[in-house]
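Everything on this sheet refers to the single structure shown next.
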Amino acid sequence: VRRQQAFLAGLANRMFSAGTLADPMKVTDLVTALTKAVVLDKGWDLIGFAQQINGLTGDRIEFRTIPTIRPNLATPSDGSAVEVNPAQVKAFVQDLLTPPAQEDTGVTTPPEAQGRKTVQNQPVQKIANVQPIDAGGIPCVD
């Protein structure tokens, strides 16, 4: 998993530094290559996704590893797979999406702001003691 993350980080770093996502022809070529080599969710608009992340830099992408049960779950048709507990994975993703609770500072939230949720760029609680890989500065493996 870590080698795959490092490869994807290098690929992302190359795409962002080369301006690939700013060039419509390069985006089309990339989407064509991806759809031939990777299984994607049905109906996922890759062109729209590429437009959304245009301008993102590699150092703002971070790879995390979901919690796993065992790496060698026997499968009937293709050898083995990584076994996961769907509830653990769901909780892991929810933790990534939910900012940590803030301490009570004694400051009252004005009524007009109550009920609004703001997401801030704060550290996320780690499940494993492995540092996440980010795509900043990792060269792509040719």
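In the structure tokens, each chain is lettered A, B, ... as it comes, each chain's residues begin at 1, and ligands are numbered from 1 in order of appearance.
Taking the backbone of this structure through DSSP, the residues of range 9-87 of chain A that come out as strand (DSSP E) are Glu62, Phe63, Arg70, Pro71, Asn72, Leu73, Ala74, Thr75, Gly79, Ser80, Ala81, Val82 and Glu83 of chain A.
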Mind dumping a table of every range 17-48 of chain A residue within 12 Å of range 53-59 of chain A, with the nearest atom pair and its distance in Å to one decimal, using only C-alpha atoms, sorted by chain and rising number, as a Markdown table?
```
| residue | atom | partner | partner_atom | distance |
| --- | --- | --- | --- | --- |
| A:Ser17 | CA | A:Thr57 | CA | 7.5 |
| A:Ala18 | CA | A:Thr57 | CA | 10.7 |
| A:Gly19 | CA | A:Asn54 | CA | 8.4 |
| A:Thr20 | CA | A:Asn54 | CA | 8.7 |
| A:Leu21 | CA | A:Asn54 | CA | 5.4 |
| A:Ala22 | CA | A:Asn54 | CA | 6.2 |
| A:Asp23 | CA | A:Asn54 | CA | 9.7 |
| A:Pro24 | CA | A:Asn54 | CA | 10.9 |
| A:Val27 | CA | A:Asn54 | CA | 10.2 |
| A:Leu46 | CA | A:Ile53 | CA | 10.6 |
| A:Ile47 | CA | A:Ile53 | CA | 10.2 |
| A:Gly48 | CA | A:Ile53 | CA | 8.9 |
```
*What's the 12 Å shell around Glu83 in chain A, counting only C-alpha atoms, without same-chain residues fewer than 6 positions away, as an MDAnalysis selection string?*
chainID A and resid 66:75 89
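One distance worth recording is that between CA of Gln88 in chain A and CA of Gly43 in chain A, which is 26.6 Å.
With only C-alpha atoms as the atoms that count, the residue of A:Val1, A:Thr28, A:Arg64, A:Lys36 with the shortest distance to Ala50 in chain A is A:Thr28.
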*Pick the closest to Thr65 in chain A from A:Met25, A:Gly10, A:Val84, A:Asp45: which is it, counting only C-alpha atoms?*
A:Val84
*asked:* I'd like to know which of A:Ala91, A:Pro76, A:Phe63, A:Pro86 is closest to Arg2 in chain A, using only C-alpha atoms.
replied: A:Phe63
